[in-house]
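Taking it in order: structure first as structure tokens, then the write-up.
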Amino acid sequence: MKHALVTGSSRGIGRAIALELARRGYAVAVHYARGEEAAREVAAEARRLGAPRVAVLGADLSQKDAAADLVARSHAELGGLDVLVNNAGITRDGLLIRMKDEDWDAVIETNLSAVFRLTREAVKRMMKARWGRIVNVASVVGLMGNPGQANYVAAKAGLIGFTKTIAKEYGGRGITANAVAPGFIESDMTAALPEKVRQEYLNAIPAGRFGKPEEVAELVAFLASDAAAYINGQTIAIDGGLYPH
């Protein structure tokens, strides 16, 4: 039995990842920042799908001491930690000249610095087992840039570089680190787009549609598996062809 911590898994892509891992027999820790009720609903579904153990863990990852505590609690409640999926993230969008320092700092702190702290703690445990999987949920905008998201793009591009370095540092210890870079994925946000804007986005995607959270989850689950042991340090875009590279 493998044990996985999925940050930001009370909704969206994180929810889909937690449920896919549960379906594959992983013990899963469902993390939330504020949506405890939603996280408990995910946990109930994970149990129904066959997860042998499920933990529901709240943590504000913008707080520096939260990461070590979250990893320790996940390890204790699940009985181990083999897979860390760094999915939690926030946005504070705005054009560069109007972006406030606090908006920059908040996004970098949660989307990049927290990942550093979580991964540092997780790798300590994975090294002892000489097996581990780190999967970082980046974004296609970390590869291509995006106006109005200087903070978010910088964090996601940094996450991609961080992933490569972890792969080189710990690949010899049976630990892999990879990133997935989703494009436009179906969500409450995309559903609320004005039809004209939605169509403009769809026209830019060769697949002609938005992705599904479950499609991202299946890729993450593969990267977390034994079958992906020889894939390390890679960033895989899942964007319908929006940004071929």
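Chain identifiers are assigned as A, B, and so on, following the order in which chains appear in the structure tokens; residues are numbered from 1 within each chain, and ligands are numbered from 1 in order of appearance.
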Using only C-alpha atoms, determine which residues lie at most 8 Å from range 192-205 of chain A, disregarding the query and same-chain residues fewer than 2 positions distant; provide the list as a short mmCIF file (atom, residue, chain, number, x, y, z; two decimals) with C-alpha atoms, in the first residue's frame.
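Dumped to result02.cif:
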data_model
loop_
_atom_site.label_atom_id
_atom_site.label_comp_id
_atom_site.auth_asym_id
_atom_site.auth_seq_id
_atom_site.Cartn_x
_atom_site.Cartn_y
_atom_site.Cartn_z
CA ASP A 188 -16.21 27.00 -11.89
CA MET A 189 -14.00 29.74 -13.32
CA THR A 190 -14.15 28.55 -16.93
CA ALA A 207 -8.42 20.03 -29.29
CA GLY A 208 -11.33 22.49 -29.38
CA ARG A 209 -12.31 21.96 -25.74
CA PHE A 210 -11.20 22.50 -22.19
CA ASP A 239 -3.34 21.43 -22.61
CA GLY A 240 -4.97 20.07 -25.75
CA GLY A 241 -2.09 21.36 -27.87
CA LEU A 242 -2.32 24.98 -26.68
#
As a short mmCIF file (atom, residue, chain, number, x, y, z; two decimals) with C-alpha atoms, in the first residue's frame, please: the residues near range 178-185 of chain A (cut-off 8 Å, only C-alpha atoms, same-chain neighbours under 6 positions excluded).
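For reference, around30.cif as written:
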data_model
loop_
_atom_site.label_atom_id
_atom_site.label_comp_id
_atom_site.auth_asym_id
_atom_site.auth_seq_id
_atom_site.Cartn_x
_atom_site.Cartn_y
_atom_site.Cartn_z
CA ILE A 134 6.98 14.09 -6.10
CA VAL A 135 4.43 15.43 -8.60
CA ASN A 136 4.13 19.19 -8.87
CA VAL A 137 1.08 20.75 -10.47
CA ALA A 138 2.51 23.67 -12.44
CA SER A 139 0.71 25.36 -15.33
CA VAL A 140 1.16 25.86 -19.04
CA VAL A 141 1.50 29.58 -18.31
CA GLY A 142 4.74 28.75 -16.52
CA ILE A 160 9.30 23.76 -13.04
CA THR A 163 11.25 20.03 -10.11
CA LYS A 164 14.31 19.55 -12.34
CA ALA A 167 15.09 15.10 -9.84
CA PHE A 210 -11.20 22.50 -22.19
CA GLY A 211 -9.57 19.62 -20.37
CA LYS A 212 -11.19 17.68 -17.56
CA PRO A 213 -9.79 17.48 -14.02
CA VAL A 216 -4.98 15.64 -15.22
CA LEU A 219 -1.52 11.69 -15.65
CA VAL A 220 -0.55 12.46 -12.06
CA LEU A 223 3.67 9.63 -12.64
CA ILE A 231 10.51 9.40 -15.96
CA ASN A 232 12.25 12.05 -13.90
CA GLY A 233 12.67 15.81 -14.04
CA GLN A 234 10.07 16.26 -16.76
CA THR A 235 7.31 18.80 -17.25
CA ILE A 236 4.37 17.37 -19.17
CA ALA A 237 1.84 19.81 -20.56
CA ILE A 238 -1.76 18.64 -20.61
CA ASP A 239 -3.34 21.43 -22.61
CA GLY A 240 -4.97 20.07 -25.75
CA LEU A 242 -2.32 24.98 -26.68
#
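Across the structure, CA of Pro52 in chain A and CA of Ala129 in chain A are spaced 20.3 Å apart.
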* **strand (DSSP E) call set, DSSP backbone run, range 8-176 of chain A, as number ranges by chain** => A: 27-32, 54-58, 83-86, 132-137, 175-176
Would you save the residues from that selection as a PDB file, in the first residue's frame, using N, CA and C atoms?
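File produced: result_11.pdb:
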ATOM      1  N   ALA A  27      -3.603   4.939   0.103  1.00  0.00           N
ATOM      2  CA  ALA A  27      -4.067   5.676   1.273  1.00  0.00           C
ATOM      3  C   ALA A  27      -3.858   7.150   0.959  1.00  0.00           C
ATOM      4  N   VAL A  28      -4.849   7.974   1.256  1.00  0.00           N
ATOM      5  CA  VAL A  28      -4.827   9.363   0.778  1.00  0.00           C
ATOM      6  C   VAL A  28      -5.078  10.347   1.916  1.00  0.00           C
ATOM      7  N   ALA A  29      -4.254  11.393   1.957  1.00  0.00           N
ATOM      8  CA  ALA A  29      -4.500  12.525   2.848  1.00  0.00           C
ATOM      9  C   ALA A  29      -5.077  13.660   2.017  1.00  0.00           C
ATOM     10  N   VAL A  30      -6.292  14.065   2.364  1.00  0.00           N
ATOM     11  CA  VAL A  30      -6.988  15.157   1.680  1.00  0.00           C
ATOM     12  C   VAL A  30      -6.707  16.442   2.454  1.00  0.00           C
ATOM     13  N   HIS A  31      -6.023  17.373   1.810  1.00  0.00           N
ATOM     14  CA  HIS A  31      -5.672  18.633   2.474  1.00  0.00           C
ATOM     15  C   HIS A  31      -6.597  19.755   2.021  1.00  0.00           C
ATOM     16  N   TYR A  32      -6.905  20.624   2.951  1.00  0.00           N
ATOM     17  CA  TYR A  32      -7.693  21.816   2.632  1.00  0.00           C
ATOM     18  C   TYR A  32      -7.125  23.004   3.402  1.00  0.00           C
ATOM     19  N   VAL A  54      -7.845   7.082   4.908  1.00  0.00           N
ATOM     20  CA  VAL A  54      -8.068   8.455   4.451  1.00  0.00           C
ATOM     21  C   VAL A  54      -7.926   9.393   5.646  1.00  0.00           C
ATOM     22  N   ALA A  55      -7.189  10.463   5.445  1.00  0.00           N
ATOM     23  CA  ALA A  55      -7.059  11.505   6.466  1.00  0.00           C
ATOM     24  C   ALA A  55      -7.528  12.828   5.877  1.00  0.00           C
ATOM     25  N   VAL A  56      -8.148  13.647   6.703  1.00  0.00           N
ATOM     26  CA  VAL A  56      -8.565  14.995   6.307  1.00  0.00           C
ATOM     27  C   VAL A  56      -7.753  15.973   7.142  1.00  0.00           C
ATOM     28  N   LEU A  57      -6.933  16.775   6.471  1.00  0.00           N
ATOM     29  CA  LEU A  57      -5.971  17.613   7.177  1.00  0.00           C
ATOM     30  C   LEU A  57      -6.058  19.064   6.720  1.00  0.00           C
ATOM     31  N   GLY A  58      -6.290  19.959   7.645  1.00  0.00           N
ATOM     32  CA  GLY A  58      -6.323  21.383   7.347  1.00  0.00           C
ATOM     33  C   GLY A  58      -4.986  22.030   7.627  1.00  0.00           C
ATOM     34  N   VAL A  83       4.101   9.405  -1.685  1.00  0.00           N
ATOM     35  CA  VAL A  83       3.771  10.287  -2.807  1.00  0.00           C
ATOM     36  C   VAL A  83       3.339  11.644  -2.265  1.00  0.00           C
ATOM     37  N   LEU A  84       3.953  12.693  -2.794  1.00  0.00           N
ATOM     38  CA  LEU A  84       3.525  14.058  -2.482  1.00  0.00           C
ATOM     39  C   LEU A  84       3.091  14.732  -3.771  1.00  0.00           C
ATOM     40  N   VAL A  85       1.847  15.167  -3.809  1.00  0.00           N
ATOM     41  CA  VAL A  85       1.339  15.928  -4.950  1.00  0.00           C
ATOM     42  C   VAL A  85       1.141  17.368  -4.492  1.00  0.00           C
ATOM     43  N   ASN A  86       1.987  18.255  -4.996  1.00  0.00           N
ATOM     44  CA  ASN A  86       1.898  19.670  -4.651  1.00  0.00           C
ATOM     45  C   ASN A  86       0.944  20.358  -5.621  1.00  0.00           C
ATOM     46  N   GLY A 132      10.125   7.155  -3.691  1.00  0.00           N
ATOM     47  CA  GLY A 132       9.230   8.290  -3.502  1.00  0.00           C
ATOM     48  C   GLY A 132       8.862   8.925  -4.822  1.00  0.00           C
ATOM     49  N   ARG A 133       7.724   9.611  -4.806  1.00  0.00           N
ATOM     50  CA  ARG A 133       7.254  10.318  -5.999  1.00  0.00           C
ATOM     51  C   ARG A 133       6.821  11.732  -5.583  1.00  0.00           C
ATOM     52  N   ILE A 134       7.408  12.707  -6.240  1.00  0.00           N
ATOM     53  CA  ILE A 134       6.977  14.092  -6.104  1.00  0.00           C
ATOM     54  C   ILE A 134       6.339  14.491  -7.425  1.00  0.00           C
ATOM     55  N   VAL A 135       5.099  14.930  -7.388  1.00  0.00           N
ATOM     56  CA  VAL A 135       4.434  15.425  -8.596  1.00  0.00           C
ATOM     57  C   VAL A 135       3.949  16.840  -8.303  1.00  0.00           C
ATOM     58  N   ASN A 136       4.472  17.781  -9.061  1.00  0.00           N
ATOM     59  CA  ASN A 136       4.129  19.186  -8.867  1.00  0.00           C
ATOM     60  C   ASN A 136       3.155  19.646  -9.945  1.00  0.00           C
ATOM     61  N   VAL A 137       2.064  20.232  -9.521  1.00  0.00           N
ATOM     62  CA  VAL A 137       1.081  20.747 -10.471  1.00  0.00           C
ATOM     63  C   VAL A 137       1.469  22.187 -10.797  1.00  0.00           C
ATOM     64  N   ILE A 175      13.831   8.263  -5.868  1.00  0.00           N
ATOM     65  CA  ILE A 175      12.806   9.309  -5.804  1.00  0.00           C
ATOM     66  C   ILE A 175      12.745  10.031  -7.141  1.00  0.00           C
ATOM     67  N   THR A 176      11.564  10.161  -7.704  1.00  0.00           N
ATOM     68  CA  THR A 176      11.401  10.938  -8.926  1.00  0.00           C
ATOM     69  C   THR A 176      10.614  12.205  -8.629  1.00  0.00           C
TER      70      THR A 176
END
Taking only C-alpha atoms into account, produce a table as a Markdown table in which each residue of range 120-180 of chain A with an atom at most 7 Å from an atom of range 90-109 of chain A appears once, together with its shortest atom pair and the distance in Å to one decimal, ordered by chain and rising number.
| residue | atom | partner | partner_atom | distance |
| --- | --- | --- | --- | --- |
| A:Pro147 | CA | A:Leu95 | CA | 7.0 |
| A:Gly148 | CA | A:Leu95 | CA | 4.3 |
| A:Gln149 | CA | A:Asp93 | CA | 5.2 |
| A:Ala150 | CA | A:Leu96 | CA | 6.5 |
| A:Asn151 | CA | A:Trp104 | CA | 5.2 |
| A:Tyr152 | CA | A:Val107 | CA | 6.2 |
| A:Ala155 | CA | A:Ile108 | CA | 5.5 |
Taking C-alpha atoms for each residue, export the selection above as an mmCIF file, in the first residue's frame.
data_model
loop_
_atom_site.group_PDB
_atom_site.id
_atom_site.type_symbol
_atom_site.label_atom_id
_atom_site.label_comp_id
_atom_site.auth_asym_id
_atom_site.auth_seq_id
_atom_site.Cartn_x
_atom_site.Cartn_y
_atom_site.Cartn_z
ATOM 1 C CA PRO A 147 -0.405 38.858 -19.279
ATOM 2 C CA GLY A 148 -1.771 39.919 -15.920
ATOM 3 C CA GLN A 149 -0.240 37.005 -14.030
ATOM 4 C CA ALA A 150 3.392 37.951 -13.425
ATOM 5 C CA ASN A 151 3.313 36.544 -9.890
ATOM 6 C CA TYR A 152 1.534 33.310 -10.813
ATOM 7 C CA ALA A 155 5.798 30.871 -9.279
#
* Asked: Closest to Ala16 in chain A among A:Ala229, A:Leu118, A:Ala66, A:Glu218, using only C-alpha atoms?
  -> A:Glu218
* Select, from A:His75, A:Arg15, A:His245, A:Lys156, the residue with the minimum atom-to-atom distance to Ala44 in chain A, counting only C-alpha atoms. => A:Arg15
* Separation of CA of Gly161 in chain A and CA of Ala177 in chain A, in Å? -> 10.9 Å
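Taking only C-alpha atoms into account, Gly50 in chain A lies nearest to A:Met1 out of the set A:Thr165, A:Gly145, A:Met1, A:Ile13.
Among the candidates A:Pro206, A:Ser10, A:Met127, A:Glu215, the one nearest to Gly172 in chain A when counting only C-alpha atoms is A:Met127.
Straight-line separation from CA of Asp60 in chain A to CA of Arg130 in chain A: 29.2 Å.
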* **Test item: residues at most 10 Å from Ala114 in chain A, only C-alpha atoms, excluding those fewer than 6 positions along its chain, as a PyMOL selection string** => chain A and resi 60-68+86+88-89+108+120
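Among the candidate residues A:Ala38, A:Ala59, A:Val115, A:Leu5, the one lying nearest to Ser74 in chain A is A:Leu5, with distances computed using only C-alpha atoms.
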* Asked: Residues of range 41-196 of chain A in helix (DSSP H, G or I) according to DSSP, as number ranges by chain?
  -> A: 41-49, 66-78, 96-98, 101-129, 141-144, 150-173, 188-191, 195-196
Taking C-alpha atoms for each residue, export the selection above as a PDB file, in the first residue's frame.
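Now in out08.pdb:
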ATOM      1  CA  GLU A  41     -16.972  14.965   1.201  1.00  0.00           C
ATOM      2  CA  VAL A  42     -13.900  14.102  -0.879  1.00  0.00           C
ATOM      3  CA  ALA A  43     -12.685  11.823   1.912  1.00  0.00           C
ATOM      4  CA  ALA A  44     -16.017   9.995   2.030  1.00  0.00           C
ATOM      5  CA  GLU A  45     -15.887   9.460  -1.720  1.00  0.00           C
ATOM      6  CA  ALA A  46     -12.275   8.265  -1.474  1.00  0.00           C
ATOM      7  CA  ARG A  47     -13.311   5.635   1.063  1.00  0.00           C
ATOM      8  CA  ARG A  48     -16.169   4.544  -1.180  1.00  0.00           C
ATOM      9  CA  LEU A  49     -13.707   4.129  -4.047  1.00  0.00           C
ATOM     10  CA  ALA A  66       2.540  24.606   8.399  1.00  0.00           C
ATOM     11  CA  ALA A  67       4.373  22.444   5.868  1.00  0.00           C
ATOM     12  CA  ALA A  68       6.415  20.399   8.325  1.00  0.00           C
ATOM     13  CA  ASP A  69       3.361  19.892  10.509  1.00  0.00           C
ATOM     14  CA  LEU A  70       1.209  18.806   7.556  1.00  0.00           C
ATOM     15  CA  VAL A  71       3.761  16.268   6.344  1.00  0.00           C
ATOM     16  CA  ALA A  72       4.206  14.895   9.870  1.00  0.00           C
ATOM     17  CA  ARG A  73       0.447  14.546  10.405  1.00  0.00           C
ATOM     18  CA  SER A  74      -0.031  12.916   7.019  1.00  0.00           C
ATOM     19  CA  HIS A  75       2.732  10.412   7.739  1.00  0.00           C
ATOM     20  CA  ALA A  76       1.310   9.631  11.176  1.00  0.00           C
ATOM     21  CA  GLU A  77      -2.330   9.243  10.119  1.00  0.00           C
ATOM     22  CA  LEU A  78      -1.692   7.259   6.943  1.00  0.00           C
ATOM     23  CA  LEU A  96       2.571  44.367 -13.396  1.00  0.00           C
ATOM     24  CA  ILE A  97       2.445  48.131 -12.839  1.00  0.00           C
ATOM     25  CA  ARG A  98      -0.674  47.753 -10.685  1.00  0.00           C
ATOM     26  CA  ASP A 101       3.796  43.748  -3.156  1.00  0.00           C
ATOM     27  CA  GLU A 102       1.416  41.763  -0.972  1.00  0.00           C
ATOM     28  CA  ASP A 103      -0.202  40.170  -4.041  1.00  0.00           C
ATOM     29  CA  TRP A 104       3.196  39.156  -5.388  1.00  0.00           C
ATOM     30  CA  ASP A 105       4.330  37.844  -2.010  1.00  0.00           C
ATOM     31  CA  ALA A 106       1.140  35.872  -1.326  1.00  0.00           C
ATOM     32  CA  VAL A 107       1.306  33.967  -4.606  1.00  0.00           C
ATOM     33  CA  ILE A 108       5.032  33.225  -4.384  1.00  0.00           C
ATOM     34  CA  GLU A 109       4.648  32.104  -0.765  1.00  0.00           C
ATOM     35  CA  THR A 110       1.795  29.660  -1.356  1.00  0.00           C
ATOM     36  CA  ASN A 111       2.584  28.484  -4.881  1.00  0.00           C
ATOM     37  CA  LEU A 112       6.360  28.136  -4.614  1.00  0.00           C
ATOM     38  CA  SER A 113       7.838  28.584  -1.139  1.00  0.00           C
ATOM     39  CA  ALA A 114       5.319  26.221   0.460  1.00  0.00           C
ATOM     40  CA  VAL A 115       6.190  23.598  -2.158  1.00  0.00           C
ATOM     41  CA  PHE A 116       9.860  23.918  -1.200  1.00  0.00           C
ATOM     42  CA  ARG A 117       9.052  23.344   2.471  1.00  0.00           C
ATOM     43  CA  LEU A 118       6.637  20.463   1.850  1.00  0.00           C
ATOM     44  CA  THR A 119       9.046  18.719  -0.494  1.00  0.00           C
ATOM     45  CA  ARG A 120      11.976  19.140   1.876  1.00  0.00           C
ATOM     46  CA  GLU A 121      10.050  17.397   4.645  1.00  0.00           C
ATOM     47  CA  ALA A 122       8.652  14.673   2.392  1.00  0.00           C
ATOM     48  CA  VAL A 123      12.013  13.819   0.839  1.00  0.00           C
ATOM     49  CA  LYS A 124      13.524  13.200   4.280  1.00  0.00           C
ATOM     50  CA  ARG A 125      11.026  10.377   4.750  1.00  0.00           C
ATOM     51  CA  MET A 126      11.268   9.084   1.186  1.00  0.00           C
ATOM     52  CA  MET A 127      15.059   8.804   1.409  1.00  0.00           C
ATOM     53  CA  LYS A 128      14.736   6.304   4.245  1.00  0.00           C
ATOM     54  CA  ALA A 129      12.486   4.110   2.099  1.00  0.00           C
ATOM     55  CA  VAL A 141       1.498  29.585 -18.314  1.00  0.00           C
ATOM     56  CA  GLY A 142       4.744  28.746 -16.520  1.00  0.00           C
ATOM     57  CA  LEU A 143       6.024  27.697 -19.939  1.00  0.00           C
ATOM     58  CA  MET A 144       4.435  30.338 -22.162  1.00  0.00           C
ATOM     59  CA  ALA A 150       3.392  37.951 -13.425  1.00  0.00           C
ATOM     60  CA  ASN A 151       3.313  36.544  -9.890  1.00  0.00           C
ATOM     61  CA  TYR A 152       1.534  33.310 -10.813  1.00  0.00           C
ATOM     62  CA  VAL A 153       3.688  32.725 -13.902  1.00  0.00           C
ATOM     63  CA  ALA A 154       6.886  33.364 -11.943  1.00  0.00           C
ATOM     64  CA  ALA A 155       5.798  30.871  -9.279  1.00  0.00           C
ATOM     65  CA  LYS A 156       4.884  28.178 -11.802  1.00  0.00           C
ATOM     66  CA  ALA A 157       8.061  28.691 -13.842  1.00  0.00           C
ATOM     67  CA  GLY A 158      10.017  28.483 -10.604  1.00  0.00           C
ATOM     68  CA  LEU A 159       8.186  25.284  -9.742  1.00  0.00           C
ATOM     69  CA  ILE A 160       9.301  23.759 -13.044  1.00  0.00           C
ATOM     70  CA  GLY A 161      12.943  24.613 -12.325  1.00  0.00           C
ATOM     71  CA  PHE A 162      12.589  23.335  -8.765  1.00  0.00           C
ATOM     72  CA  THR A 163      11.254  20.026 -10.111  1.00  0.00           C
ATOM     73  CA  LYS A 164      14.307  19.551 -12.338  1.00  0.00           C
ATOM     74  CA  THR A 165      16.677  20.151  -9.453  1.00  0.00           C
ATOM     75  CA  ILE A 166      14.920  17.729  -7.102  1.00  0.00           C
ATOM     76  CA  ALA A 167      15.090  15.099  -9.843  1.00  0.00           C
ATOM     77  CA  LYS A 168      18.850  15.542 -10.140  1.00  0.00           C
ATOM     78  CA  GLU A 169      19.468  15.627  -6.396  1.00  0.00           C
ATOM     79  CA  TYR A 170      17.430  12.552  -5.440  1.00  0.00           C
ATOM     80  CA  GLY A 171      17.018  10.436  -8.574  1.00  0.00           C
ATOM     81  CA  GLY A 172      19.721   8.107  -7.256  1.00  0.00           C
ATOM     82  CA  ARG A 173      17.667   7.457  -4.112  1.00  0.00           C
ATOM     83  CA  ASP A 188     -16.207  26.999 -11.894  1.00  0.00           C
ATOM     84  CA  MET A 189     -14.000  29.740 -13.322  1.00  0.00           C
ATOM     85  CA  THR A 190     -14.152  28.551 -16.934  1.00  0.00           C
ATOM     86  CA  ALA A 191     -17.890  27.873 -16.616  1.00  0.00           C
ATOM     87  CA  GLU A 195     -19.398  33.159 -24.063  1.00  0.00           C
ATOM     88  CA  LYS A 196     -17.267  35.387 -26.297  1.00  0.00           C
TER      89      LYS A 196
END
